[in-house]
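**Student:** File start_19.txt follows (compact mmCIF, C-alpha atoms):
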# COMPACT_ATOMS: atom_id res chain seq x y z
CA MET J 1 180.19 -39.89 76.72
CA HIS J 2 179.28 -36.57 75.09
CA VAL J 3 181.36 -34.14 73.03
CA GLY J 4 182.59 -32.35 76.14
CA HIS J 5 184.46 -35.44 77.35
CA LEU J 6 186.69 -35.34 74.27
CA ARG J 7 188.33 -32.11 75.43
CA SER J 8 190.49 -33.72 78.09
CA THR J 9 191.30 -36.67 75.81
CA ILE J 10 192.43 -34.52 72.89
CA ILE J 11 194.28 -31.90 74.96
CA GLY J 12 195.89 -34.63 77.07
CA GLU J 13 196.97 -36.59 74.00
CA THR J 14 198.50 -33.42 72.51
CA ILE J 15 200.53 -32.82 75.69
CA CYS J 16 201.66 -36.47 75.75
CA ARG J 17 202.84 -36.44 72.14
CA ALA J 18 204.74 -33.18 72.67
CA LEU J 19 206.48 -34.56 75.77
CA GLU J 20 207.31 -37.84 74.07
CA PHE J 21 208.82 -35.92 71.15
CA VAL J 22 211.43 -34.44 73.49
CA GLY J 23 212.16 -37.78 75.15
CA VAL J 24 209.90 -37.82 78.21
CA GLU J 25 208.45 -41.19 79.29
CA VAL J 26 204.69 -40.73 79.56
CA ILE J 27 201.90 -42.83 81.06
CA ARG J 28 198.44 -41.93 79.75
CA LEU J 29 195.71 -42.54 82.35
CA ASN J 30 191.99 -42.26 81.73
CA HIS J 31 190.43 -41.47 85.10
CA VAL J 32 186.95 -42.76 84.32
CA GLY J 33 184.08 -41.78 86.60
CA ASP J 34 182.78 -45.29 87.31
CA TRP J 35 182.10 -45.27 91.03
CA GLY J 36 179.89 -42.39 92.16
CA THR J 37 176.30 -41.29 92.65
CA GLN J 38 175.36 -41.79 89.01
CA PHE J 39 175.97 -45.51 89.40
CA GLY J 40 173.95 -45.61 92.58
CA MET J 41 171.09 -44.03 90.64
CA LEU J 42 171.36 -46.59 87.85
CA LEU J 43 171.64 -49.55 90.19
CA ALA J 44 168.65 -48.51 92.29
CA HIS J 45 166.61 -47.90 89.14
CA LEU J 46 167.58 -51.28 87.67
CA GLU J 47 166.58 -52.99 90.91
CA ASP J 48 163.15 -51.41 90.66
CA ILE J 49 162.46 -52.31 87.03
CA SER J 50 164.24 -55.70 87.07
CA GLU J 51 166.10 -54.88 83.85
CA SER J 52 168.31 -57.63 82.45
CA SER J 53 172.05 -57.06 82.24
CA ASP J 54 172.05 -57.40 78.45
CA PHE J 55 171.70 -53.76 77.40
CA GLU J 56 172.67 -51.76 74.38
CA VAL J 57 174.29 -48.39 74.92
CA LYS J 58 171.20 -46.50 73.82
CA ASN J 59 169.16 -48.40 76.41
CA LEU J 60 171.70 -47.59 79.11
CA GLN J 61 171.50 -43.91 78.24
CA GLU J 62 167.73 -44.00 78.47
CA LEU J 63 167.89 -45.78 81.81
CA TYR J 64 170.26 -43.12 83.10
CA LYS J 65 167.88 -40.34 82.05
CA GLN J 66 165.03 -42.10 83.82
CA SER J 67 167.08 -42.61 86.99
CA LYS J 68 168.23 -38.97 87.00
CA ILE J 69 164.66 -37.69 86.81
CA ARG J 70 163.70 -39.96 89.73
CA PHE J 71 166.75 -38.89 91.72
CA ASP J 72 165.82 -35.22 91.35
CA SER J 73 162.14 -35.66 92.17
CA ASP J 74 161.84 -38.63 94.57
CA GLU J 75 163.46 -38.26 97.99
CA ASP J 76 163.06 -41.95 98.84
CA PHE J 77 164.72 -42.99 95.58
CA LYS J 78 167.55 -40.52 96.24
CA LYS J 79 168.21 -42.15 99.64
CA ARG J 80 168.23 -45.64 98.09
CA ALA J 81 170.56 -44.51 95.30
CA ARG J 82 173.01 -43.08 97.80
CA ALA J 83 172.78 -46.22 99.91
CA ALA J 84 173.54 -48.30 96.80
CA VAL J 85 176.81 -46.37 96.39
CA VAL J 86 177.81 -47.19 99.97
CA HIS J 87 177.00 -50.89 99.47
CA LEU J 88 178.82 -50.99 96.13
CA GLN J 89 181.94 -49.44 97.62
CA ALA J 90 181.73 -51.97 100.47
CA GLY J 91 181.84 -54.84 97.95
CA ASP J 92 178.20 -55.99 97.71
CA LYS J 93 178.39 -58.96 95.31
CA HIS J 94 174.98 -58.48 93.66
CA LEU J 95 175.49 -54.77 92.99
CA LYS J 96 179.08 -55.37 91.86
CA GLU J 97 177.86 -57.78 89.15
CA LYS J 98 175.36 -55.27 87.78
CA TRP J 99 177.93 -52.48 88.02
CA THR J 100 180.41 -54.59 86.01
CA ASP J 101 177.82 -55.05 83.25
CA ILE J 102 177.11 -51.31 83.11
CA CYS J 103 180.81 -50.44 82.91
CA GLU J 104 181.41 -52.93 80.10
CA VAL J 105 178.59 -51.47 78.00
CA SER J 106 180.03 -47.97 78.45
CA ARG J 107 183.57 -49.18 77.75
CA GLN J 108 182.62 -50.70 74.40
CA ASP J 109 181.19 -47.35 73.33
CA PHE J 110 184.06 -45.05 74.29
CA GLU J 111 186.79 -47.43 73.13
CA GLU J 112 185.36 -47.21 69.62
CA ILE J 113 185.67 -43.42 69.80
CA TYR J 114 189.29 -43.70 70.97
CA ARG J 115 189.99 -46.07 68.10
CA LEU J 116 188.72 -43.50 65.62
CA LEU J 117 190.93 -40.84 67.24
CA ASP J 118 193.98 -43.16 67.33
CA VAL J 119 194.26 -42.59 71.08
CA HIS J 120 195.76 -45.39 73.19
CA ILE J 121 195.12 -44.77 76.86
CA LEU J 122 195.17 -46.89 80.02
CA GLU J 123 191.80 -47.00 81.78
CA ARG J 124 192.06 -46.42 85.52
CA GLY J 125 188.57 -45.72 86.80
CA GLU J 126 187.73 -44.36 90.22
CA SER J 127 186.95 -47.91 91.35
CA TYR J 128 190.58 -48.93 90.80
CA TYR J 129 191.67 -46.85 93.80
CA ASN J 130 188.87 -47.88 96.18
CA TYR J 131 191.00 -50.36 98.15
CA LEU J 132 193.60 -47.65 98.86
CA ILE J 133 191.23 -45.03 100.23
CA PRO J 134 190.93 -46.22 103.87
CA ASP J 135 194.72 -46.31 104.38
CA VAL J 136 195.27 -42.98 102.63
CA LEU J 137 192.59 -41.28 104.74
CA SER J 138 194.01 -42.90 107.89
CA GLU J 139 197.41 -41.40 107.09
CA LEU J 140 195.86 -37.97 106.65
CA ILE J 141 194.04 -38.35 109.97
CA GLU J 142 197.22 -39.41 111.76
CA LYS J 143 199.02 -36.38 110.37
CA GLU J 144 196.10 -34.19 111.54
CA ILE J 145 195.44 -33.01 108.02
CA ALA J 146 191.97 -34.59 107.80
CA VAL J 147 189.57 -33.98 110.71
CA GLN J 148 185.97 -34.81 111.62
CA SER J 149 183.43 -32.03 111.02
CA ASP J 150 179.65 -32.50 111.33
CA GLY J 151 180.06 -36.24 110.82
CA ALA J 152 182.15 -35.94 107.65
CA LEU J 153 185.91 -36.19 107.23
CA CYS J 154 187.26 -32.85 106.01
CA ILE J 155 190.51 -31.14 105.09
CA PHE J 156 190.72 -27.43 105.87
CA ALA J 157 193.25 -25.34 103.98
CA ASP J 158 194.46 -21.85 104.85
CA GLY J 159 192.67 -19.21 102.84
CA SER J 160 189.85 -21.51 101.70
CA ASP J 161 186.25 -20.63 102.53
CA SER J 162 185.10 -24.27 102.44
CA PRO J 163 186.70 -27.61 103.38
CA LEU J 164 187.60 -30.48 101.09
CA ILE J 165 185.22 -33.27 102.14
CA CYS J 166 187.06 -36.57 101.71
CA ARG J 167 184.51 -38.89 103.33
CA LYS J 168 180.80 -38.17 103.54
CA SER J 169 178.84 -38.24 106.78
CA ASN J 170 177.14 -41.48 105.67
CA GLY J 171 180.54 -43.16 105.39
CA SER J 172 180.71 -43.22 101.59
CA PHE J 173 183.67 -41.99 99.57
CA ASN J 174 183.57 -39.22 96.98
CA TYR J 175 185.70 -37.54 94.30
CA ALA J 176 188.12 -36.16 96.87
CA SER J 177 188.58 -39.59 98.49
CA THR J 178 189.42 -41.12 95.13
CA ASP J 179 191.61 -38.25 93.92
CA LEU J 180 193.70 -38.34 97.10
CA ALA J 181 194.19 -42.11 96.80
CA ALA J 182 194.95 -41.83 93.08
CA LEU J 183 197.56 -39.14 93.65
CA TRP J 184 199.19 -41.20 96.40
CA GLN J 185 199.29 -44.27 94.12
CA ARG J 186 200.75 -42.36 91.17
CA ILE J 187 203.55 -41.03 93.35
CA SER J 188 204.23 -44.16 95.42
CA ASP J 189 203.60 -46.98 92.94
CA LEU J 190 204.14 -45.39 89.53
CA CYS J 191 207.00 -43.21 90.82
CA ALA J 192 205.78 -40.26 88.76
CA ASP J 193 208.00 -37.18 88.73
CA TRP J 194 205.44 -34.90 87.07
CA ILE J 195 201.67 -35.39 87.13
CA ILE J 196 199.45 -33.35 84.82
CA TYR J 197 195.69 -33.27 85.33
CA VAL J 198 193.63 -32.21 82.31
CA THR J 199 190.07 -31.18 83.25
CA ASP J 200 187.73 -28.22 82.89
CA VAL J 201 188.59 -25.01 84.76
CA GLY J 202 185.63 -25.54 87.10
CA GLN J 203 187.69 -28.14 88.96
CA LYS J 204 190.62 -25.83 89.70
CA LYS J 205 189.59 -25.19 93.31
CA HIS J 206 189.16 -28.91 93.90
CA PHE J 207 192.64 -29.75 92.61
CA ASP J 208 194.21 -26.85 94.48
CA ALA J 209 192.87 -28.47 97.67
CA ILE J 210 194.07 -31.95 96.64
CA PHE J 211 197.55 -30.65 95.82
CA ASP J 212 197.69 -28.70 99.09
CA ALA J 213 196.79 -31.81 101.10
CA ALA J 214 199.44 -33.87 99.30
CA SER J 215 202.08 -31.22 99.98
CA ARG J 216 201.19 -31.00 103.68
CA ALA J 217 201.29 -34.81 103.93
CA GLY J 218 204.84 -34.83 102.56
CA TRP J 219 203.98 -36.95 99.53
CA LEU J 220 205.74 -34.62 97.10
CA LYS J 221 209.15 -34.64 98.78
CA ARG J 222 211.96 -36.77 97.36
CA GLU J 223 215.68 -36.84 97.88
CA ASN J 224 216.34 -36.23 94.17
CA GLY J 225 213.74 -33.48 93.73
CA ASN J 226 210.09 -32.91 94.49
CA VAL J 227 207.15 -34.28 92.50
CA SER J 228 205.56 -31.60 90.29
CA LEU J 229 201.78 -31.26 90.02
CA ASP J 230 199.96 -29.25 87.36
CA HIS J 231 196.33 -28.73 86.50
CA VAL J 232 195.64 -27.87 82.85
CA GLY J 233 192.18 -26.35 82.74
CA PHE J 234 190.01 -25.73 79.70
CA GLY J 235 186.70 -23.98 79.07
CA LEU J 236 183.20 -25.39 78.92
CA VAL J 237 181.34 -26.71 75.89
CA MET J 238 177.84 -25.34 76.33
CA VAL J 239 175.97 -28.14 74.54
CA TYR J 240 173.55 -28.76 77.39
CA CYS J 241 172.64 -25.33 78.71
CA VAL J 242 169.15 -26.72 79.28
CA PHE J 243 170.67 -28.34 82.39
CA LEU J 244 171.70 -24.99 83.76
CA VAL J 245 168.22 -23.49 83.62
CA LYS J 246 166.54 -26.66 84.89
CA THR J 247 164.13 -26.90 81.98
CA PRO J 248 162.67 -30.41 81.45
CA PRO J 249 162.79 -32.62 79.59
CA ARG J 250 166.56 -33.00 79.53
CA SER J 251 168.29 -34.01 76.34
CA TYR J 252 171.60 -35.83 75.88
CA LEU J 253 174.02 -35.70 72.98
CA THR J 254 175.84 -38.78 71.77
CA PHE J 255 178.94 -37.84 69.77
CA ILE J 256 180.44 -40.47 67.49
CA GLY J 257 182.72 -38.40 65.28
CA GLY J 258 183.02 -37.34 61.73
Take the structure in this file and express it as structure tokens.

**Tutor:**
Amino acid sequence: MHVGHLRSTIIGETICRALEFVGVEVIRLNHVGDWGTQFGMLLAHLEDISESSDFEVKNLQELYKQSKIRFDSDEDFKKRARAAVVHLQAGDKHLKEKWTDICEVSRQDFEEIYRLLDVHILERGESYYNYLIPDVLSELIEKEIAVQSDGALCIFADGSDSPLICRKSNGSFNYASTDLAALWQRISDLCADWIIYVTDVGQKKHFDAIFDAASRAGWLKRENGNVSLDHVGFGLVMVYCVFLVKTPPRSYLTFIGG
């Protein structure tokens, strides 16, 4: 976690407290990114160096930096990292054990930050929705909303210059897969009437496509009124502009508070 991640937490908590003040029942969800390419990178790197599962956070951060450098420079490692994601999502026992260790180390770190901020939030990582994705995508296929294109499963929206890819050509899931399943679950299981997403403005196009797919699928319609969806976007914290100009070595900021 770096300082930029606190934006959605603090803005989201402010919105929750304001809504609760006027009597709205609120569920705070922390949609943790615990299931994507970054974990494939870490898992592949750990396999290569035979690292034990007993890390400290600072060691995990260093391992991530090492794996990122390899991912950007080594095509073979990149293929193995992406394959690790596919195997993890398919339930590989060995990778799942290492992934669990990594998540727990990260969790200990960010929960301390939330404690300092007096924020009480329910963790629902991307992995939580993995079991729902096949059925949700099947529904979208049956309704002819999601279609095959160049080996990937895509959703094309009117007026958009690019599709929403909801399953990669290698069969792995991505952010769109998870976000579609998460939205379906929040409507169907949590019975949410109003869902507010708090992220940076760079994700506006992504959520516009997710919301459009949900509307076309009929998920938002109810007899007593439709489900409302809102995206609250905020600006960028430019603490790592070195990333943008691709100047090595890359540096990472750990923010504890104060």

**Student:** Please provide as a list in words all residues within 12 Å of Val147 in chain J, with the sequence filter that same-chain residues fewer than 2 positions apart are discarded (counting only C-alpha atoms).

**Tutor:**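 After dropping sequence-adjacent residues, the list is Leu137, Ser138, Glu139, Leu140, Ile141, Glu142, Lys143, Glu144, Ile145, Ser149, Asp150, Gly151, Ala152, Leu153, Cys154, Ile155, Phe156, Ala157, Pro163, Leu164, Ile165, Cys166 and Arg167 of chain J.
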
**Student:** With only C-alpha atoms as the basis for distance, which of J:Asp74, J:Leu180, J:Phe234, J:Leu19 is at the shortest distance from Phe211 in chain J?

**Tutor:**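 So, comparing all the options, the nearest one is J:Leu180.
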
**Student:** Hey, what's within 7 Å of Val227 in chain J if we count all atoms listed in the file and toss same-chain stuff fewer than 3 positions away? As an MDAnalysis selection string, please?

**Tutor:** chainID J and resid 193:194 220:221

**Student:** One decimal, Å: what's the distance from CA of Ser162 in chain J over to CA of Leu29 in chain J, could you say?

**Tutor:**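 Distance reported for this atom pair: 29.2 Å.
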
**Student:** Quick one: axis-aligned box around all listed atoms of range 151-161 of chain J, 3 Å on every side, centre and edge lengths in Å to one decimal, written as AutoDock Vina command-line options.

**Tutor:**
--center_x 187.3 --center_y -27.7 --center_z 106.3 --size_x 20.4 --size_y 23.0 --size_z 15.1

**Student:** Kindly indicate which residue among J:Tyr129, J:Phe110, J:Phe207, J:Phe39 lies nearest to Thr178 in chain J, using all atoms listed in the file for the distances.

**Tutor:**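 Nearest candidate to Thr178 in chain J out of J:Tyr129, J:Phe110, J:Phe207, J:Phe39: J:Tyr129.
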
**Student:** Taking only C-alpha atoms into account, which of J:Ile102, J:Ile210, J:Ala90, J:Val26 comes nearest Asn59 in chain J?

**Tutor:**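 That would be J:Ile102, the residue with the smallest distance to Asn59 in chain J.
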